[in-house]
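Only one structure is covered here, and it is reproduced in the block below.
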Amino acid sequence: MTDIAIELRGIDKKFGLVHANKDIDLRVRKGSIHGIIGENGAGKSTLMSILYGFYQADDGEIFVDGRKADIKDPNAAIAAGIGMVHQHFMLVENFTVLENVMLGAEDSQILTSGISRARQELKRLEHEYELEVDPDAIIEELPVGLQQRVEILKALYRGAEILILDEPTGVLTPAEADHLFRILKQLKDQGKTILLITHKLREIMAITDEVSVMRRGEMVATRKTAETSVEELAELMVGRRVLLHVEKGPALPGEVLLSVENLTVRDSRGCDMVKDVSFEVRAGEIVGIAGVAGNGQSELLQAVSGIRRAVNGRVLLKGEPIHVTGKADPSELRHRGLAHVPEDRQHMGLVLSFDESENSILGYHDDPRYLNGAFLDIDAIRADAAEKIEKYDIRPPNPRLKTANFSGGNQQKIVLAREMERDPQVLIIGQPTRGVDVGAIEFIHKRIIEMRDAGKAVLLVSVELDEIRSLSDRVLVMFDGRIVGERAPDTGEGELGLLMAGVENSREAAE
Amino acid sequence: MEYFDTLIVILQSTVRVSVPLILAALAGLYSERSGIFDIGLEGKMLAAAFAGGAAAAVTGSALIGLAAAIFVSVCLALVHGFASITQRGNQIVSGVAINFIALGATVILGQAWFRQGGRTPQLTGDARFTTVELPFAAEVADVPILGPIYSNLLSGHFVLTYVAFLLVPFTWWVLYRTRFGLRLRAVGENPGAVDTAGISVPWLRYRAVICCGILCGIAGAYLSMAMTAGFVKGMTAGKGFIALAALIFAKWKPINVMFACLLFGFLDAMSIRMQGNPLPLIGEVPVQFMQALPYILTVILLAGFIGKAVPPRAGGVPYVKER
């Protein structure tokens, strides 16, 4: 037997004019965790979809366990022992765990016997891999971490020896991600081979044995993880040197521009998500709010930017109150110098089916610069968009292109350009680099620092602790709707992590 | 006793008029549970009614009529399937088109073939379905209360009536106890899950659409060959749409479908009964009001009383492998 679980030779795939995979070679050692890293659109997902039989390669060969495998559909991949955990879970949300695991592997036409076998088998898998899930739970009632576990169980139930995980941590909280990594290590110890696709360098360094780097459809390098560094991988991914650490001078805080007093915000279910929160943001400083997702940061952002009504409290913008408990009007706030980059750009920041130029004036379409009497001045809008495209290096540089066709990083740049170019006094940014590739992260971080240096007040919310620590001048930690501490940005990750987990006296605990 | 007899008569006609609703609603259930919305139930039923009436009139055989009805309905269902599964077209547009085609084509062909103003010839003898007497129906008819229920309400219906009611538990069983049912429900919720599990989404949906066609065919045959003796133009008279309303009302669940259809059938039976019979206190109720009641009920009850009817999540959306 060979110790190579998967070998790809000369895989080539085109989608129309897009050359997604160019002559890819890859060897994955049996019983190892092999990372595949690359920017969004580098062709990682396409390659894995070919391996799973979702797409057909135009050219090339696949070998599984040293034997040539003709993987023409997912069935063939499953038969060859390949399982895949998709980025967007392929689960039927109103089915039970058991039904989802069985789907496509039901044994016989009538379900009864299959159900009891699946139940037994699930119990065995739970034992063997410590993957506990209630088989009768409905998927949509489970937290995301458990849903992902069901995806893994699905693959194992079908006898997968090789497991592909496509961006598995994108939807997970840091704690859930750690848990996932423990599961993956356990699977590896049991002899499974794992292919981990990600664009997060930290994950690669933390868990993989080997790593292959893809760039623009090509496989550019394969390294042993122990023999490479974050810097080298980043450079291989982007194709040039990348500054992973943001360089910035000391902050020169000025007057208070945004002040939040005793703010309490309730979510749509009636739970208090923000509880009696007070803080200030001064001109020329970046205040970062750290916290595990779901601890009230989103509701805080929404209340301050006038999207969600607060129950109680006051917010002052340049000393003037905002009616956060009544009818705050986001467009009025914009006129008063508050710009908002929402957390979820695809739902709140952009209309994906619009042209780039239309999105670049979204919310500012009543500006006389873009109007010609009662009509939109399309030429002026396109010229304005072209200017922003140039300045923010948005690619492809075409104001007429549908926004959905831009990559995540470029979509984010469209939002940033729109909000920053209005020269706001206060900038509120949620998750500035979620789903954004390394090259664009660097650019976005630079722009945020520039805003600070130009004397703006910046309120930054991010679940990426690294990002908070490298950008902020002061860090506020949110837990369970409260601000549980303020720390300097150079505070140790351990201490901040404990604060984020709600451990009091984190300083002592960290020591 | 007089009221009891009246009730039996009304319930009997409730069963009679509910049958096409149940068949059509179950047909819609197979299709919509697989993610293919089908507002062409009406058209398929109408075309099937015509085909059945015509074939039975020509051959003199009810069974050949039924086969013709099912064949035509399945063909139309496949057209809808081709448009919405293979060509990924708009399912509403395709359904509307089928309704219009059926409405026009049945009259034109009927006139061309039989020259009776779009009707098919009156069916007699073996060309029409006959009713079935359950055993001992005549003997127990005189037993008070239970006798009339057995011999008038349960006995004396067409075979297709019993088929329709048996199809309700059968559909439940298929949906929740068989592999096909599991996959069918899955493909209507998340076709991606089905595709990645190695099952063909188009083939699964085509099978669902064929089931829909068969049931619409039976419904149409019932209309022209059992309930009446021959095809009359536009004889479905909106039953396909009432069936759709019942399907939504029943939240796409087979047992609920039966009760929803019986309720709507009951309203229909009442409206026939009440023509010319003024209600005490209220006076004469316009027929149009009774005819509109199923729709009004659906809207009101869905709006607040029975909670939200959540359609299959992938319904109406053509499946495209995402890149």
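To be explicit about the labels: the chains of the structure tokens are called A, B, and onward in the order shown, and within each one the residues are counted from 1, while ligands get numbers from 1 in the order they are shown.
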Determine which residues of region 82-282 of chain B receive a DSSP assignment of strand (DSSP E), computed from the backbone, and state them as a list in words.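 The residues of region 82-282 of chain B classed as strand (DSSP E) are Thr131, Val132, His157 and Phe158 of chain B.
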Check every residue of chain B for an atom within 9 Å of chain A, counting only C-alpha atoms, and provide those that qualify as a list in words.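 Only these qualify: Val174, Tyr176, Arg177, Thr178, Arg179, Phe180, Leu182, Arg183, Arg185, Ala186, Val187, Glu189, Asn190, Pro191, Gly192, Ala193, Val194, Asp195, Thr196, Ala197, Gly198, Ile199, Lys321 and Arg323 of chain B.
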Mind the document's chain letters and residue numbers, and return as an NGL selection string the residues of region 18-213 of chain B that DSSP labels alpha helix (DSSP H). :B and (18-33 or 41-59 or 62-81 or 91-114 or 137-140 or 146-148 or 159-177 or 179-189 or 191-196 or 201-213)
Only C-alpha atoms, please: the residues just picked out, written as a compact mmCIF listing (two decimals), in the first residue's frame.
# COMPACT_ATOMS: atom_id res chain seq x y z
CA SER B 18 -64.33 16.77 -2.34
CA VAL B 19 -62.89 13.95 -4.40
CA PRO B 20 -61.42 16.03 -7.25
CA LEU B 21 -60.13 18.51 -4.66
CA ILE B 22 -58.36 15.77 -2.71
CA LEU B 23 -56.84 14.23 -5.81
CA ALA B 24 -55.68 17.58 -7.18
CA ALA B 25 -54.36 18.77 -3.83
CA LEU B 26 -52.39 15.53 -3.34
CA ALA B 27 -51.08 15.98 -6.87
CA GLY B 28 -49.92 19.45 -5.93
CA LEU B 29 -48.43 18.08 -2.74
CA TYR B 30 -46.09 15.70 -4.59
CA SER B 31 -44.96 18.44 -6.93
CA GLU B 32 -44.60 21.24 -4.40
CA ARG B 33 -42.93 19.09 -1.76
CA LEU B 41 -53.33 21.77 -11.54
CA GLU B 42 -56.46 23.33 -12.99
CA GLY B 43 -55.24 22.99 -16.56
CA LYS B 44 -54.03 19.43 -16.15
CA MET B 45 -57.33 18.42 -14.60
CA LEU B 46 -59.30 20.06 -17.38
CA ALA B 47 -57.22 18.47 -20.12
CA ALA B 48 -57.52 15.09 -18.39
CA ALA B 49 -61.28 15.50 -18.06
CA PHE B 50 -61.52 16.18 -21.78
CA ALA B 51 -59.19 13.36 -22.77
CA GLY B 52 -61.05 10.94 -20.52
CA GLY B 53 -64.46 12.03 -21.76
CA ALA B 54 -63.39 11.89 -25.39
CA ALA B 55 -61.61 8.54 -25.18
CA ALA B 56 -64.45 6.94 -23.24
CA ALA B 57 -67.00 8.28 -25.70
CA VAL B 58 -65.09 6.91 -28.68
CA THR B 59 -64.07 3.53 -27.23
CA ALA B 62 -64.18 3.84 -18.84
CA LEU B 63 -60.79 2.29 -18.21
CA ILE B 64 -59.43 3.43 -21.55
CA GLY B 65 -60.86 6.84 -20.74
CA LEU B 66 -59.02 6.86 -17.43
CA ALA B 67 -55.79 5.80 -19.11
CA ALA B 68 -56.16 8.59 -21.68
CA ALA B 69 -56.84 11.13 -18.93
CA ILE B 70 -53.75 10.10 -17.00
CA PHE B 71 -51.62 10.03 -20.15
CA VAL B 72 -52.58 13.56 -21.19
CA SER B 73 -52.15 14.93 -17.68
CA VAL B 74 -48.73 13.33 -17.30
CA CYS B 75 -47.68 14.78 -20.65
CA LEU B 76 -48.65 18.27 -19.50
CA ALA B 77 -46.89 17.65 -16.18
CA LEU B 78 -43.75 16.71 -18.10
CA VAL B 79 -44.01 19.93 -20.10
CA HIS B 80 -44.12 21.81 -16.82
CA GLY B 81 -41.24 19.70 -15.56
CA GLN B 91 -42.68 27.89 -12.61
CA ILE B 92 -45.58 30.28 -12.32
CA VAL B 93 -45.41 31.31 -15.96
CA SER B 94 -45.24 27.70 -17.07
CA GLY B 95 -48.22 26.79 -14.88
CA VAL B 96 -50.31 29.67 -16.18
CA ALA B 97 -49.44 28.72 -19.75
CA ILE B 98 -50.65 25.16 -19.15
CA ASN B 99 -53.92 26.46 -17.74
CA PHE B 100 -54.54 28.60 -20.81
CA ILE B 101 -53.56 25.90 -23.26
CA ALA B 102 -55.90 23.43 -21.59
CA LEU B 103 -58.74 25.92 -21.47
CA GLY B 104 -58.49 26.70 -25.17
CA ALA B 105 -57.40 23.39 -26.61
CA THR B 106 -60.16 21.33 -24.97
CA VAL B 107 -62.88 23.47 -26.50
CA ILE B 108 -61.27 23.66 -29.95
CA LEU B 109 -60.56 19.94 -30.15
CA GLY B 110 -63.95 19.11 -28.69
CA GLN B 111 -65.70 21.20 -31.29
CA ALA B 112 -63.55 19.82 -34.12
CA TRP B 113 -64.08 16.20 -33.13
CA PHE B 114 -67.61 16.04 -31.80
CA ALA B 137 -75.63 -1.71 2.28
CA ALA B 138 -79.21 -2.46 1.41
CA GLU B 139 -79.74 -4.73 4.41
CA VAL B 140 -78.60 -2.24 7.08
CA LEU B 146 -75.80 4.01 11.63
CA GLY B 147 -77.81 2.58 8.76
CA PRO B 148 -78.00 5.79 6.69
CA VAL B 159 -64.37 3.45 -7.24
CA LEU B 160 -62.35 6.60 -7.81
CA THR B 161 -63.82 8.08 -4.63
CA TYR B 162 -62.49 5.22 -2.56
CA VAL B 163 -59.19 5.47 -4.43
CA ALA B 164 -58.95 9.15 -3.57
CA PHE B 165 -59.50 8.61 0.12
CA LEU B 166 -57.11 5.66 0.23
CA LEU B 167 -54.48 7.80 -1.48
CA VAL B 168 -54.41 10.08 1.56
CA PRO B 169 -52.87 7.60 4.04
CA PHE B 170 -50.87 6.11 1.17
CA THR B 171 -49.34 9.51 0.41
CA TRP B 172 -48.55 10.00 4.09
CA TRP B 173 -46.84 6.62 4.11
CA VAL B 174 -44.87 7.39 0.96
CA LEU B 175 -43.81 10.77 2.28
CA TYR B 176 -42.70 9.73 5.74
CA ARG B 177 -41.90 6.05 5.53
CA ARG B 179 -36.83 6.48 0.76
CA PHE B 180 -38.53 8.24 -2.10
CA GLY B 181 -40.55 10.33 0.36
CA LEU B 182 -37.53 11.28 2.44
CA ARG B 183 -35.68 12.39 -0.67
CA LEU B 184 -38.74 14.15 -2.03
CA ARG B 185 -39.13 16.22 1.13
CA ALA B 186 -35.41 16.91 1.19
CA VAL B 187 -35.23 18.12 -2.40
CA GLY B 188 -37.99 20.62 -1.76
CA GLU B 189 -36.15 22.05 1.20
CA PRO B 191 -31.70 20.48 -3.24
CA GLY B 192 -28.02 21.06 -2.50
CA ALA B 193 -28.19 18.51 0.32
CA VAL B 194 -29.71 15.99 -2.05
CA ASP B 195 -27.18 16.67 -4.78
CA THR B 196 -24.18 16.34 -2.48
CA VAL B 201 -32.05 16.39 -8.28
CA PRO B 202 -33.67 16.54 -11.76
CA TRP B 203 -34.63 12.84 -11.82
CA LEU B 204 -36.15 13.11 -8.36
CA ARG B 205 -38.15 16.17 -9.33
CA TYR B 206 -39.29 14.62 -12.59
CA ARG B 207 -40.64 11.66 -10.65
CA ALA B 208 -42.50 14.03 -8.34
CA VAL B 209 -43.99 15.88 -11.30
CA ILE B 210 -45.08 12.58 -12.87
CA CYS B 211 -46.85 11.64 -9.62
CA CYS B 212 -48.57 15.00 -9.82
CA GLY B 213 -49.63 14.30 -13.40
Can you tell me, as a PDB file with C-alpha atoms, in the first residue's frame, what residues are no more than 12 Å from Val463 (chain A) when counting only C-alpha atoms, ignoring any on the same chain fewer than 6 positions away?
ATOM      1  CA  GLY A 170     -16.104  30.874   8.763  1.00  0.00           C
ATOM      2  CA  VAL A 171     -19.354  30.505  10.669  1.00  0.00           C
ATOM      3  CA  LEU A 172     -17.959  29.390  14.014  1.00  0.00           C
ATOM      4  CA  THR A 173     -17.151  31.311  17.155  1.00  0.00           C
ATOM      5  CA  PRO A 174     -13.542  31.009  18.325  1.00  0.00           C
ATOM      6  CA  ALA A 175     -14.559  28.498  20.983  1.00  0.00           C
ATOM      7  CA  GLY A 288     -12.256  48.551  19.411  1.00  0.00           C
ATOM      8  CA  ILE A 289     -15.002  46.382  20.838  1.00  0.00           C
ATOM      9  CA  ALA A 290     -13.870  42.806  21.291  1.00  0.00           C
ATOM     10  CA  GLY A 291     -16.134  39.933  22.102  1.00  0.00           C
ATOM     11  CA  VAL A 292     -17.394  36.570  20.950  1.00  0.00           C
ATOM     12  CA  ALA A 293     -20.102  36.998  18.333  1.00  0.00           C
ATOM     13  CA  GLY A 294     -23.583  37.309  19.807  1.00  0.00           C
ATOM     14  CA  ASN A 295     -22.679  39.191  22.961  1.00  0.00           C
ATOM     15  CA  GLY A 296     -24.505  42.347  21.979  1.00  0.00           C
ATOM     16  CA  GLN A 297     -22.014  43.975  19.619  1.00  0.00           C
ATOM     17  CA  SER A 298     -24.357  43.795  16.637  1.00  0.00           C
ATOM     18  CA  GLU A 343     -21.366  44.068   9.781  1.00  0.00           C
ATOM     19  CA  GLY A 430     -18.547  46.312  11.935  1.00  0.00           C
ATOM     20  CA  GLN A 431     -16.404  43.315  10.939  1.00  0.00           C
ATOM     21  CA  PRO A 432     -14.335  45.266   8.393  1.00  0.00           C
ATOM     22  CA  THR A 433     -12.496  42.212   7.062  1.00  0.00           C
ATOM     23  CA  ARG A 434     -14.945  39.334   7.412  1.00  0.00           C
ATOM     24  CA  ARG A 469      -5.558  44.406  18.950  1.00  0.00           C
ATOM     25  CA  VAL A 477     -14.507  43.888  25.887  1.00  0.00           C
ATOM     26  CA  MET A 478     -18.185  42.984  25.639  1.00  0.00           C
ATOM     27  CA  GLY A 497      -9.772  35.906  25.789  1.00  0.00           C
ATOM     28  CA  MET A 500     -14.397  37.697  26.385  1.00  0.00           C
TER      29      MET A 500
END
Which residues of region 409-469 of chain A come within 9 Å of region 353-367 of chain A, and for each one, what is the closest pair of atoms and their distance in Å to one decimal, counting only C-alpha atoms, sorted by chain and residue number, as a Markdown table?
| residue | atom | partner | partner_atom | distance |
| --- | --- | --- | --- | --- |
| A:Gln411 | CA | A:Glu356 | CA | 8.8 |
| A:Ile414 | CA | A:Ser360 | CA | 6.2 |
| A:Val415 | CA | A:Ser360 | CA | 7.0 |
| A:Ala417 | CA | A:Ser360 | CA | 7.5 |
| A:Arg418 | CA | A:Ser360 | CA | 5.3 |
| A:Glu419 | CA | A:Ser360 | CA | 8.8 |
Would you list the contacts of region 161-169 of chain A as a ChimeraX atom specification, taking every protein, DNA or RNA residue within 6 Å and counting only C-alpha atoms, but skipping same-chain residues closer than 5 positions in sequence? /A:81-87,177,192-198
Quick one: everything within 10 Å of Ile149 (chain B), counting only C-alpha atoms, minus sequence neighbours fewer than 2 positions away in the same chain. Send it as number ranges by chain. B: 5, 8, 11-12, 137, 140-141, 143-147, 151-155
Could you take the residues named above and write them with N, CA and C atoms, as a compact mmCIF listing (two decimals), in the first residue's frame?
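Output contents, as saved in part.txt:
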# COMPACT_ATOMS: atom_id res chain seq x y z
N ASP B 5 -81.48 13.55 8.05
CA ASP B 5 -81.47 13.17 6.65
C ASP B 5 -80.85 14.26 5.78
N ILE B 8 -77.18 14.08 6.18
CA ILE B 8 -76.60 12.97 5.42
C ILE B 8 -76.51 13.35 3.94
N LEU B 11 -73.66 15.82 3.53
CA LEU B 11 -72.35 15.17 3.67
C LEU B 11 -72.04 14.28 2.48
N GLN B 12 -73.09 13.65 1.97
CA GLN B 12 -72.87 12.80 0.81
C GLN B 12 -72.37 13.64 -0.37
N ALA B 137 -75.16 -3.09 2.22
CA ALA B 137 -75.63 -1.71 2.28
C ALA B 137 -77.14 -1.66 2.31
N VAL B 140 -78.68 -3.02 5.85
CA VAL B 140 -78.60 -2.24 7.08
C VAL B 140 -79.19 -0.84 6.94
N ALA B 141 -79.72 -0.54 5.75
CA ALA B 141 -80.18 0.83 5.49
C ALA B 141 -81.24 1.30 6.48
N VAL B 143 -81.42 0.48 9.70
CA VAL B 143 -80.96 0.67 11.08
C VAL B 143 -80.89 2.17 11.35
N PRO B 144 -81.48 2.61 12.46
CA PRO B 144 -81.45 4.07 12.70
C PRO B 144 -80.02 4.60 12.85
N ILE B 145 -79.80 5.83 12.46
CA ILE B 145 -78.52 6.56 12.54
C ILE B 145 -77.41 5.85 11.76
N LEU B 146 -76.93 4.68 12.27
CA LEU B 146 -75.80 4.01 11.63
C LEU B 146 -76.14 3.52 10.23
N GLY B 147 -77.40 3.11 10.05
CA GLY B 147 -77.81 2.58 8.76
C GLY B 147 -77.59 3.58 7.64
N SER B 151 -74.98 3.11 4.59
CA SER B 151 -75.45 2.80 3.23
C SER B 151 -75.55 4.03 2.35
N ASN B 152 -75.72 5.22 2.94
CA ASN B 152 -75.83 6.41 2.10
C ASN B 152 -74.53 7.21 2.05
N LEU B 153 -73.82 7.24 3.19
CA LEU B 153 -72.63 8.09 3.24
C LEU B 153 -71.39 7.32 2.83
N LEU B 154 -71.23 6.08 3.36
CA LEU B 154 -70.00 5.34 3.07
C LEU B 154 -70.12 4.50 1.82
N SER B 155 -71.32 4.00 1.57
CA SER B 155 -71.51 3.13 0.41
C SER B 155 -72.02 3.95 -0.77
Please provide the set of residues having any atom within 8 Å of Phe266 (chain B), restricted to only C-alpha atoms, with same-chain residues fewer than 4 positions apart removed, written as number ranges by chain. B: 10-11, 13-15, 18, 262, 270
Dump C-alpha atoms for the selected residues as a PDB file, in the first residue's frame?
ATOM      1  CA  ILE B  10     -75.220  17.351   2.461  1.00  0.00           C
ATOM      2  CA  LEU B  11     -72.348  15.171   3.674  1.00  0.00           C
ATOM      3  CA  SER B  13     -72.531  15.583  -1.678  1.00  0.00           C
ATOM      4  CA  THR B  14     -69.578  16.918   0.348  1.00  0.00           C
ATOM      5  CA  VAL B  15     -67.776  13.641  -0.332  1.00  0.00           C
ATOM      6  CA  SER B  18     -64.330  16.773  -2.336  1.00  0.00           C
ATOM      7  CA  LEU B 262     -63.557  18.099   2.960  1.00  0.00           C
ATOM      8  CA  MET B 270     -73.842  23.911   1.360  1.00  0.00           C
TER       9      MET B 270
END
What are the closest atom pairs, with distances in Å to one decimal, for all residues of region 173-229 of chain B lying within 9 Å of region 235-241 of chain B? Consider only C-alpha atoms, order rows by chain and residue number, and present the result as JSON lines.
{"residue": "B:Gly220", "atom": "CA", "partner": "B:Thr236", "partner_atom": "CA", "distance": 8.0}
{"residue": "B:Leu223", "atom": "CA", "partner": "B:Thr236", "partner_atom": "CA", "distance": 7.6}
{"residue": "B:Ser224", "atom": "CA", "partner": "B:Met235", "partner_atom": "CA", "distance": 8.2}
List as number ranges by chain the protein and nucleic acid residues near region 123-132 of chain B, meaning an atom at most 6 Å away when only C-alpha atoms are counted, but skip any in the same chain fewer than 5 places from it. B: 56-57, 60-62, 156-158, 225-226, 229-230
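Picture a line from CA of Glu332 (chain A) to CA of Val426 (chain A); it runs 13.6 Å.
When only C-alpha atoms are used to measure the gap to Lys446 (chain A), the shortest distance among A:Phe406, A:Phe63, A:Tyr392, A:Phe479 belongs to A:Tyr392.
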